[in-house]
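Next comes protein_25.pdb, a file with PDB, C-alpha atoms.
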ATOM      1  CA  MET A   1      -6.601  22.068 -12.982
ATOM      2  CA  SER A   2      -9.540  23.596 -11.178
ATOM      3  CA  SER A   3     -11.622  22.341  -8.293
ATOM      4  CA  ILE A   4     -15.142  21.083  -8.891
ATOM      5  CA  THR A   5     -17.970  21.963  -6.519
ATOM      6  CA  VAL A   6     -20.801  19.454  -6.028
ATOM      7  CA  ASP A   7     -23.833  19.254  -3.764
ATOM      8  CA  VAL A   8     -23.813  17.116  -0.640
ATOM      9  CA  HIS A   9     -26.998  15.061  -0.421
ATOM     10  CA  ALA A  10     -28.555  13.969   2.869
ATOM     11  CA  PRO A  11     -30.630  10.794   3.454
ATOM     12  CA  SER A  12     -33.665  12.982   4.023
ATOM     13  CA  GLY A  13     -33.561  14.128   0.396
ATOM     14  CA  LYS A  14     -32.391  17.642   1.169
ATOM     15  CA  LYS A  15     -29.049  19.178   0.310
ATOM     16  CA  ALA A  16     -26.659  19.287   3.252
ATOM     17  CA  GLY A  17     -24.211  21.754   1.713
ATOM     18  CA  LYS A  18     -21.423  21.864  -0.824
ATOM     19  CA  ALA A  19     -18.316  19.727  -1.279
ATOM     20  CA  GLU A  20     -15.175  20.606  -3.188
ATOM     21  CA  LEU A  21     -13.466  18.040  -5.413
ATOM     22  CA  PRO A  22      -9.799  19.122  -5.624
ATOM     23  CA  GLY A  23      -8.481  19.558  -9.128
ATOM     24  CA  GLU A  24      -5.326  17.548  -8.469
ATOM     25  CA  TYR A  25      -7.532  14.485  -7.948
ATOM     26  CA  PHE A  26     -10.629  15.094 -10.078
ATOM     27  CA  ASP A  27      -9.524  17.377 -12.926
ATOM     28  CA  VAL A  28      -6.367  15.923 -14.474
ATOM     29  CA  GLN A  29      -5.753  14.704 -18.009
ATOM     30  CA  THR A  30      -6.892  11.123 -18.569
ATOM     31  CA  ASN A  31      -4.122   8.938 -19.960
ATOM     32  CA  VAL A  32      -5.949   6.015 -21.587
ATOM     33  CA  PRO A  33      -2.863   3.864 -22.388
ATOM     34  CA  LEU A  34      -1.672   4.285 -18.812
ATOM     35  CA  ILE A  35      -5.060   3.274 -17.426
ATOM     36  CA  HIS A  36      -5.106   0.232 -19.726
ATOM     37  CA  GLN A  37      -1.674  -0.873 -18.529
ATOM     38  CA  VAL A  38      -2.598  -0.498 -14.846
ATOM     39  CA  VAL A  39      -5.919  -2.345 -15.234
ATOM     40  CA  VAL A  40      -4.289  -5.208 -17.146
ATOM     41  CA  ALA A  41      -1.688  -5.533 -14.393
ATOM     42  CA  GLN A  42      -4.374  -5.469 -11.699
ATOM     43  CA  LEU A  43      -6.410  -8.199 -13.384
ATOM     44  CA  ALA A  44      -3.275 -10.266 -14.006
ATOM     45  CA  ALA A  45      -2.340 -10.046 -10.333
ATOM     46  CA  ALA A  46      -5.783 -11.407  -9.422
ATOM     47  CA  ARG A  47      -5.124 -14.651 -11.298
ATOM     48  CA  GLN A  48      -4.254 -17.587  -9.066
ATOM     49  CA  GLY A  49      -2.007 -19.256 -11.615
ATOM     50  CA  THR A  50      -2.578 -22.702 -10.089
ATOM     51  CA  HIS A  51      -3.476 -24.425 -13.375
ATOM     52  CA  SER A  52      -1.427 -27.520 -14.114
ATOM     53  CA  THR A  53      -1.383 -30.366 -16.670
ATOM     54  CA  LYS A  54       0.576 -33.607 -16.814
ATOM     55  CA  THR A  55       3.077 -34.497 -19.478
ATOM     56  CA  ARG A  56       3.473 -38.057 -20.799
ATOM     57  CA  GLY A  57       6.070 -38.686 -18.141
ATOM     58  CA  GLN A  58       3.697 -37.700 -15.324
ATOM     59  CA  VAL A  59       0.576 -39.619 -16.416
ATOM     60  CA  ARG A  60       0.142 -42.961 -14.631
ATOM     61  CA  GLY A  61       0.654 -46.048 -16.775
ATOM     62  CA  GLY A  62       2.084 -46.457 -20.238
ATOM     63  CA  GLY A  63       5.082 -48.476 -19.188
ATOM     64  CA  ILE A  64       4.475 -51.391 -21.535
ATOM     65  CA  LYS A  65       4.630 -51.239 -25.314
ATOM     66  CA  PRO A  66       1.032 -51.547 -26.685
ATOM     67  CA  TRP A  67       2.028 -54.155 -29.330
ATOM     68  CA  ARG A  68       5.116 -55.377 -31.034
ATOM     69  CA  GLN A  69       6.978 -53.116 -33.393
ATOM     70  CA  LYS A  70       6.361 -55.079 -36.610
ATOM     71  CA  GLY A  71       3.952 -57.596 -38.029
ATOM     72  CA  THR A  72       0.590 -56.296 -36.784
ATOM     73  CA  GLY A  73      -0.222 -53.981 -39.683
ATOM     74  CA  ARG A  74      -0.808 -51.117 -37.269
ATOM     75  CA  ALA A  75       1.264 -48.023 -36.669
ATOM     76  CA  ARG A  76       4.152 -48.441 -34.284
ATOM     77  CA  HIS A  77       3.728 -47.117 -30.731
ATOM     78  CA  GLY A  78       5.859 -47.220 -27.652
ATOM     79  CA  SER A  79       3.432 -46.041 -24.934
ATOM     80  CA  ARG A  80      -0.265 -45.693 -24.302
ATOM     81  CA  ARG A  81       0.405 -42.338 -22.615
ATOM     82  CA  SER A  82       1.671 -40.634 -25.748
ATOM     83  CA  PRO A  83      -0.016 -37.240 -26.359
ATOM     84  CA  ILE A  84      -1.813 -38.651 -29.420
ATOM     85  CA  TRP A  85      -3.558 -41.289 -27.302
ATOM     86  CA  THR A  86      -6.744 -40.757 -25.308
ATOM     87  CA  GLY A  87      -5.719 -40.380 -21.693
ATOM     88  CA  GLY A  88      -2.176 -39.533 -22.662
ATOM     89  CA  GLY A  89      -0.049 -36.627 -21.570
ATOM     90  CA  THR A  90      -0.480 -33.001 -22.614
ATOM     91  CA  VAL A  91       2.043 -31.253 -24.807
ATOM     92  CA  HIS A  92       3.013 -27.701 -23.837
ATOM     93  CA  GLY A  93       0.146 -27.530 -21.336
ATOM     94  CA  PRO A  94      -0.158 -24.815 -18.677
ATOM     95  CA  LYS A  95       1.920 -25.092 -15.517
ATOM     96  CA  PRO A  96       1.667 -23.115 -12.243
ATOM     97  CA  ARG A  97       3.048 -19.624 -12.714
ATOM     98  CA  ASP A  98       2.873 -16.107 -11.341
ATOM     99  CA  TYR A  99       0.989 -13.672 -13.581
ATOM    100  CA  SER A 100       1.621 -10.549 -11.513
ATOM    101  CA  GLN A 101       3.271  -7.586 -13.209
ATOM    102  CA  ARG A 102       5.379  -4.940 -11.580
ATOM    103  CA  THR A 103       3.641  -1.571 -11.795
ATOM    104  CA  PRO A 104       5.223   1.523 -10.196
ATOM    105  CA  LYS A 105       3.150   3.202  -7.505
ATOM    106  CA  LYS A 106       3.226   6.497  -9.363
ATOM    107  CA  MET A 107       1.619   4.922 -12.411
ATOM    108  CA  ILE A 108      -1.101   3.316 -10.269
ATOM    109  CA  ALA A 109      -1.859   6.634  -8.584
ATOM    110  CA  ALA A 110      -1.848   8.563 -11.879
ATOM    111  CA  ALA A 111      -4.255   6.055 -13.444
ATOM    112  CA  LEU A 112      -6.636   6.403 -10.481
ATOM    113  CA  ARG A 113      -6.579  10.190 -10.784
ATOM    114  CA  GLY A 114      -7.303   9.942 -14.491
ATOM    115  CA  ALA A 115     -10.258   7.570 -13.967
ATOM    116  CA  LEU A 116     -11.767   9.755 -11.251
ATOM    117  CA  SER A 117     -11.312  12.853 -13.411
ATOM    118  CA  ASP A 118     -13.108  11.178 -16.302
ATOM    119  CA  ARG A 119     -16.084  10.352 -14.067
ATOM    120  CA  ALA A 120     -16.077  13.857 -12.594
ATOM    121  CA  ARG A 121     -16.147  15.518 -16.025
ATOM    122  CA  ASP A 122     -19.172  13.365 -16.892
ATOM    123  CA  GLY A 123     -20.913  14.460 -13.693
ATOM    124  CA  GLN A 124     -20.845  10.954 -12.236
ATOM    125  CA  ILE A 125     -19.168  11.818  -8.913
ATOM    126  CA  PHE A 126     -21.628  12.347  -6.059
ATOM    127  CA  VAL A 127     -21.209  13.102  -2.369
ATOM    128  CA  VAL A 128     -23.660  12.157   0.408
ATOM    129  CA  SER A 129     -23.417  13.228   4.016
ATOM    130  CA  GLU A 130     -24.193   9.673   5.107
ATOM    131  CA  VAL A 131     -25.844   6.652   3.533
ATOM    132  CA  VAL A 132     -28.124   5.820   6.478
ATOM    133  CA  SER A 133     -29.134   8.148   9.304
ATOM    134  CA  GLY A 134     -29.060   6.655  12.769
ATOM    135  CA  GLN A 135     -27.358   3.608  14.185
ATOM    136  CA  THR A 136     -29.613   0.917  12.681
ATOM    137  CA  PRO A 137     -28.695  -0.658   9.326
ATOM    138  CA  SER A 138     -31.394  -0.217   6.685
ATOM    139  CA  THR A 139     -31.010  -1.365   3.089
ATOM    140  CA  LYS A 140     -34.271   0.344   2.149
ATOM    141  CA  GLN A 141     -33.092   3.711   3.431
ATOM    142  CA  ALA A 142     -29.663   3.259   1.801
ATOM    143  CA  LEU A 143     -31.258   2.573  -1.587
ATOM    144  CA  ALA A 144     -33.521   5.599  -1.126
ATOM    145  CA  THR A 145     -30.457   7.757  -0.502
ATOM    146  CA  LEU A 146     -28.848   6.525  -3.711
ATOM    147  CA  ALA A 147     -32.107   6.828  -5.685
ATOM    148  CA  GLN A 148     -32.238  10.589  -5.140
ATOM    149  CA  LEU A 149     -28.979  10.889  -7.118
ATOM    150  CA  GLY A 150     -30.702   9.596 -10.259
ATOM    151  CA  GLU A 151     -31.246   6.320 -12.056
ATOM    152  CA  LEU A 152     -28.115   4.436 -11.152
ATOM    153  CA  LYS A 153     -27.223   0.998 -12.545
ATOM    154  CA  LYS A 154     -23.679   0.207 -11.474
ATOM    155  CA  VAL A 155     -22.674   2.176  -8.408
ATOM    156  CA  LEU A 156     -19.385   2.310  -6.542
ATOM    157  CA  VAL A 157     -19.865   3.547  -2.975
ATOM    158  CA  VAL A 158     -16.704   4.669  -1.183
ATOM    159  CA  LEU A 159     -16.935   4.561   2.620
ATOM    160  CA  ASP A 160     -14.652   5.286   5.503
ATOM    161  CA  ARG A 161     -13.600   2.418   7.726
ATOM    162  CA  PHE A 162     -15.734   3.446  10.701
ATOM    163  CA  GLU A 163     -19.024   3.678   8.760
ATOM    164  CA  GLU A 164     -20.224   0.217   9.790
ATOM    165  CA  VAL A 165     -23.927   1.007   9.462
ATOM    166  CA  ALA A 166     -23.496   1.885   5.784
ATOM    167  CA  TRP A 167     -21.444  -1.279   5.197
ATOM    168  CA  LEU A 168     -24.187  -3.472   6.656
ATOM    169  CA  SER A 169     -26.915  -1.646   4.745
ATOM    170  CA  LEU A 170     -25.365  -2.071   1.275
ATOM    171  CA  ARG A 171     -23.579  -5.407   1.484
ATOM    172  CA  ASN A 172     -26.380  -7.425  -0.191
ATOM    173  CA  VAL A 173     -27.278  -5.031  -3.021
ATOM    174  CA  PRO A 174     -26.146  -6.630  -6.323
ATOM    175  CA  THR A 175     -25.867  -3.352  -8.252
ATOM    176  CA  VAL A 176     -23.774  -1.618  -5.573
ATOM    177  CA  HIS A 177     -20.107  -2.291  -4.926
ATOM    178  CA  VAL A 178     -18.794  -0.994  -1.603
ATOM    179  CA  LEU A 179     -15.137  -0.137  -1.079
ATOM    180  CA  ALA A 180     -13.124   1.340   1.756
ATOM    181  CA  VAL A 181     -11.446   4.608   0.872
ATOM    182  CA  ASP A 182      -7.980   3.061   1.223
ATOM    183  CA  GLN A 183      -8.935   0.327  -1.286
ATOM    184  CA  LEU A 184     -10.080   2.658  -4.067
ATOM    185  CA  ASN A 185      -8.575   1.507  -7.358
ATOM    186  CA  THR A 186      -8.728   2.244 -11.076
ATOM    187  CA  TYR A 187     -10.520  -0.945 -12.138
ATOM    188  CA  ASP A 188     -13.495  -0.527  -9.797
ATOM    189  CA  VAL A 189     -13.873   3.125 -10.810
ATOM    190  CA  LEU A 190     -14.017   2.165 -14.498
ATOM    191  CA  VAL A 191     -16.423  -0.748 -13.984
ATOM    192  CA  ALA A 192     -18.915   1.459 -12.133
ATOM    193  CA  ASP A 193     -20.997   4.019 -13.970
ATOM    194  CA  THR A 194     -21.261   6.244 -10.890
ATOM    195  CA  VAL A 195     -18.985   6.865  -7.915
ATOM    196  CA  VAL A 196     -20.541   7.971  -4.616
ATOM    197  CA  PHE A 197     -18.384   9.271  -1.771
ATOM    198  CA  THR A 198     -19.560   9.857   1.761
ATOM    199  CA  SER A 199     -18.371  13.118   3.303
ATOM    200  CA  ALA A 200     -16.034  11.249   5.650
ATOM    201  CA  ALA A 201     -14.578   9.134   2.835
ATOM    202  CA  LEU A 202     -13.998  12.172   0.612
ATOM    203  CA  ALA A 203     -12.271  13.996   3.453
ATOM    204  CA  ALA A 204     -10.066  10.978   4.132
ATOM    205  CA  PHE A 205      -9.179  10.600   0.465
ATOM    206  CA  THR A 206      -8.339  14.240  -0.241
ATOM    207  CA  ASN A 207      -6.745  15.243   3.071
ATOM    208  CA  ARG A 208      -4.548  12.325   4.025
ATOM    209  CA  GLY A 209      -1.860  13.000   1.404
ATOM    210  CA  THR A 210      -2.437   9.918  -0.740
ATOM    211  CA  GLU A 211      -0.041   8.671  -3.399
ATOM    212  CA  ALA A 212      -2.201  10.288  -6.075
ATOM    213  CA  ILE A 213      -0.954  13.744  -5.177
ATOM    214  CA  ALA A 214       2.565  12.625  -4.368
ATOM    215  CA  THR A 215       3.111  11.386  -7.911
ATOM    216  CA  GLU A 216       2.529  14.794  -9.446
ATOM    217  CA  THR A 217       6.107  15.807  -8.580
ATOM    218  CA  GLU A 218       9.324  13.969  -7.874
ATOM    219  CA  ALA A 219       9.586  15.521  -4.430
ATOM    220  CA  GLU A 220       8.531  13.351  -1.533
ATOM    221  CA  VAL A 221       6.372  15.372   0.809
ATOM    222  CA  GLU A 222       5.215  13.836   4.063
ATOM    223  CA  VAL A 223       1.644  14.804   4.831
ATOM    224  CA  GLU A 224       0.113  13.912   8.163
ATOM    225  CA  PRO A 225      -3.053  11.817   7.653
ATOM    226  CA  THR A 226      -6.258  13.469   8.808
ATOM    227  CA  VAL A 227      -9.720  11.946   8.817
ATOM    228  CA  LYS A 228     -12.916  13.826   9.523
ATOM    229  CA  ALA A 229     -14.949  11.645  11.869
ATOM    230  CA  LYS A 230     -18.271  12.481  13.478
ATOM    231  CA  ALA A 231     -18.137  13.203  17.151
ATOM    232  CA  GLU A 232     -21.262  11.159  17.771
ATOM    233  CA  GLY A 233     -20.114   8.240  15.639
ATOM    234  CA  PRO A 234     -19.685   4.805  17.224
ATOM    235  CA  ARG A 235     -16.010   4.672  16.379
ATOM    236  CA  ALA A 236     -14.965   8.254  15.927
ATOM    237  CA  LYS A 237     -11.224   8.464  15.456
ATOM    238  CA  ALA A 238      -9.198  10.588  17.820
ATOM    239  CA  PRO A 239      -6.811  13.140  16.288
ATOM    240  CA  ALA A 240      -3.446  11.654  15.472
ATOM    241  CA  LYS A 241      -0.639  12.441  17.888
ATOM    242  CA  LYS A 242       2.262  14.405  16.525
ATOM    243  CA  THR A 243       5.479  12.454  16.468
ATOM    244  CA  GLU A 244       8.308  13.879  18.466
ATOM    245  CA  GLU A 245      11.135  15.232  16.432
ATOM    246  CA  LYS A 246      14.336  13.302  16.874
ATOM    247  CA  ALA A 247      17.297  15.309  18.052
ATOM    248  CA  GLU A 248      20.042  15.436  15.509
ATOM    249  CA  ALA A 249      23.221  13.603  16.460
ATOM    250  CA  PRO A 250      26.171  15.905  17.130
ATOM    251  CA  GLU A 251      28.731  16.048  14.378
ATOM    252  CA  ALA A 252      32.006  14.213  14.947
ATOM    253  CA  GLU A 253      34.858  16.465  15.995
ATOM    254  CA  VAL A 254      37.496  16.972  13.291
ATOM    255  CA  LYS A 255      40.972  16.441  14.715
ATOM    256  CA  ASP A 256      43.837  18.712  13.717
ATOM    257  CA  TYR A 257      47.208  16.976  13.196
ATOM    258  CA  GLY A 258      49.279  20.139  12.825
ATOM    259  CA  LYS A 259      50.767  22.159  10.008
ATOM    260  CA  ASN A 260      52.361  19.108   8.392
ATOM    261  CA  SER A 261      48.924  17.627   7.624
ATOM    262  CA  TYR A 262      46.186  18.515   5.155
ATOM    263  CA  ARG A 263      42.483  17.586   4.800
ATOM    264  CA  GLY A 264      40.790  17.644   1.402
ATOM    265  CA  ASP A 265      40.647  16.031  -2.000
ATOM    266  CA  LYS A 266      43.399  18.129  -3.599
ATOM    267  CA  PRO A 267      46.488  18.207  -1.355
ATOM    268  CA  PRO A 268      49.291  20.669  -2.111
ATOM    269  CA  ALA A 269      52.588  19.541  -3.573
ATOM    270  CA  GLY A 270      54.663  17.467  -1.208
ATOM    271  CA  PHE A 271      51.733  16.032   0.750
ATOM    272  CA  ASP A 272      51.753  12.498  -0.667
ATOM    273  CA  ILE A 273      51.393  10.365   2.486
ATOM    274  CA  LYS A 274      47.852   8.998   2.838
ATOM    275  CA  GLY A 275      46.470   8.564   6.355
ATOM    276  CA  ASN A 276      43.432   6.483   7.338
ATOM    277  CA  GLU A 277      41.848   7.656  10.597
ATOM    278  CA  ASP A 278      39.775   4.477  11.061
ATOM    279  CA  SER A 279      42.842   2.199  11.209
ATOM    280  CA  MET A 280      45.328   4.943  12.215
ATOM    281  CA  LYS A 281      47.729   3.732   9.524
ATOM    282  CA  PHE A 282      49.437   5.639   6.723
ATOM    283  CA  HIS A 283      50.441   4.599   3.207
ATOM    284  CA  THR A 284      53.534   5.796   1.355
ATOM    285  CA  PRO A 285      53.620   5.814  -2.465
ATOM    286  CA  GLU A 286      55.573   2.512  -2.264
ATOM    287  CA  SER A 287      52.662   0.793  -0.498
ATOM    288  CA  PRO A 288      50.859  -1.813  -2.693
ATOM    289  CA  TRP A 289      47.523  -0.441  -1.437
ATOM    290  CA  TYR A 290      48.371   3.202  -2.080
ATOM    291  CA  SER A 291      46.304   3.654  -5.266
ATOM    292  CA  ARG A 292      43.065   2.230  -3.826
ATOM    293  CA  THR A 293      43.353   3.919  -0.436
ATOM    294  CA  ILE A 294      41.080   6.922   0.134
ATOM    295  CA  ALA A 295      42.997   9.451   2.177
ATOM    296  CA  GLU A 296      41.196  11.115   5.054
ATOM    297  CA  VAL A 297      44.274  13.160   5.934
ATOM    298  CA  TRP A 298      47.501  13.879   4.037
ATOM    299  CA  PHE A 299      51.048  14.273   5.460
ATOM    300  CA  ASN A 300      54.183  15.701   3.891
ATOM    301  CA  SER A 301      56.437  13.086   5.449
ATOM    302  CA  ALA A 302      56.384   9.745   7.209
ATOM    303  CA  GLU A 303      57.847  11.383  10.331
ATOM    304  CA  ALA A 304      54.896  13.806  10.483
ATOM    305  CA  ALA A 305      52.447  10.920  10.182
ATOM    306  CA  GLU A 306      54.180   8.980  12.963
ATOM    307  CA  ALA A 307      54.232  12.102  15.153
ATOM    308  CA  ALA A 308      50.456  12.353  14.697
ATOM    309  CA  GLY A 309      50.017   8.791  15.965
ATOM    310  CA  PHE A 310      49.750   6.947  12.641
ATOM    311  CA  VAL A 311      51.609   3.684  11.955
ATOM    312  CA  ASN A 312      53.187   2.691   8.657
ATOM    313  CA  VAL A 313      51.038  -0.020   7.051
ATOM    314  CA  MET A 314      54.203  -1.808   5.880
ATOM    315  CA  GLU A 315      55.679  -1.974   9.363
ATOM    316  CA  GLY A 316      56.333  -5.561  10.355
ATOM    317  CA  LYS A 317      55.909  -6.822   6.765
ATOM    318  CA  GLU A 318      58.553  -7.774   4.292
ATOM    319  CA  LYS A 319      59.069  -5.085   1.688
ATOM    320  CA  LYS A 320      59.577  -6.461  -1.759
TER     321      LYS A 320
END

As structure tokens, please, write out the structure in this file.
Amino acid sequence: MSSITVDVHAPSGKKAGKAELPGEYFDVQTNVPLIHQVVVAQLAAARQGTHSTKTRGQVRGGGIKPWRQKGTGRARHGSRRSPIWTGGGTVHGPKPRDYSQRTPKKMIAAALRGALSDRARDGQIFVVSEVVSGQTPSTKQALATLAQLGELKKVLVVLDRFEEVAWLSLRNVPTVHVLAVDQLNTYDVLVADTVVFTSAALAAFTNRGTEAIATETEAEVEVEPTVKAKAEGPRAKAPAKKTEEKAEAPEAEVKDYGKNSYRGDKPPAGFDIKGNEDSMKFHTPESPWYSRTIAEVWFNSAEAAEAAGFVNVMEGKEKK
């Protein structure tokens, strides 16, 4: 994987610099079956599943027999709401159901990386410094900014949350679909012919430690989210405060019960009395609970266990 360098276009028509598309997001192998599975699951989850039909038992009417069983010359019938009658019930019709499919987050993230990489290899990933300059929404200026990228038909524009002027400028353009950076998904990337990031959206997507990079390995790495916001912006985000590290709780003190006791999974010969420190009771081999008791401390005799403060679990009970 290698990073891809693209030009950053300004609304004025000039180039505002260079932007780097990290290889772990924009230069990975495209897994077509994986993308198909994720898109099918996404479209299935969008279905309401509220369709419903009535069976012959749910349709109103049909309680009386249409005509007598014999003597009319017609076929016998028992109800006017039979499925073979007009206005009758429906056989095996659809009922309300949930179409959603469970898709692991790692598969969703890997499919998004593959779709973005496919668009990047075709040269269909663009970066603009901003869609509209100034604080006044302008659809004309927004379209002019996109026009300098080439003849675009279906465009996906990815914005940061605070870029309200760009949202208002592009909301009524039928050939442009606008998404927030945290809503970027595989289906919208595939439907669009071209993907346009603003500088702020690209910085938020690549620097916040999204799931797309976390799925590359099994290790879970916590990355502090960072968003590049303009200082003069109307809603520039302040840097995130670092969370205070929690002090580790002190370890519980291990009590020593003397030379007649032993701690560990493999006690030496003679240490067959099991002691439980939570209940402060000990079990001898004759105890009915001896085999399923997990010993926290072992003793070589009942007297040693009693001297350490433990009580025989069979004390006060009838021994069989």

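The two atoms in question, CA of Arg113 (chain A) and CA of Ser3 (chain A), are spaced 13.4 Å apart.
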
message = I'd like the neighbourhood of region 153-169 of chain A as number ranges by chain, where a residue qualifies if any of its atoms comes within 6 Å (using only C-alpha atoms), though same-chain residues fewer than 2 positions away should be ignored.
response = A: 131, 137-139, 171, 175-181, 192-198, 201, 235

With C-alpha atoms kept, could you save the residues just selected as a tab-separated table (two decimals), in the frame of the given file?
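Output contents, as saved in again-v7.tsv:
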chain	number	residue	atom	x	y	z
A	131	VAL	CA	-25.84	6.65	3.53
A	137	PRO	CA	-28.70	-0.66	9.33
A	138	SER	CA	-31.39	-0.22	6.68
A	139	THR	CA	-31.01	-1.36	3.09
A	171	ARG	CA	-23.58	-5.41	1.48
A	175	THR	CA	-25.87	-3.35	-8.25
A	176	VAL	CA	-23.77	-1.62	-5.57
A	177	HIS	CA	-20.11	-2.29	-4.93
A	178	VAL	CA	-18.79	-0.99	-1.60
A	179	LEU	CA	-15.14	-0.14	-1.08
A	180	ALA	CA	-13.12	1.34	1.76
A	181	VAL	CA	-11.45	4.61	0.87
A	192	ALA	CA	-18.92	1.46	-12.13
A	193	ASP	CA	-21.00	4.02	-13.97
A	194	THR	CA	-21.26	6.24	-10.89
A	195	VAL	CA	-18.98	6.86	-7.92
A	196	VAL	CA	-20.54	7.97	-4.62
A	197	PHE	CA	-18.38	9.27	-1.77
A	198	THR	CA	-19.56	9.86	1.76
A	201	ALA	CA	-14.58	9.13	2.84
A	235	ARG	CA	-16.01	4.67	16.38

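Residues surrounding Phe271 (chain A) within 8 Å are Ser261, Tyr262, Pro267, Pro268, Trp298, Phe299, Asn300 and Ser301 of chain A [only C-alpha atoms; sequence separation below 3 positions excluded].
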
request  = Calculate how many Å separate CA of Val189 (chain A) from CA of Ser100 (chain A), rounding to one decimal.
outcome  = 20.7 Å

Nearest residue to Asp188 (chain A) from the set A:Asn276, A:Met1, A:Thr103, A:Arg119 (distances using all atoms listed in the file) = A:Arg119

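Applied to the shown file, the PyMOL selection byres ((chain A and resi 33-42) around 7) selects the residues Asn31, Val32, Leu43, Ala44, Ala45, Ala46, Ser100, Gln101, Ile108, Ala111, Thr186 and Tyr187 of chain A.
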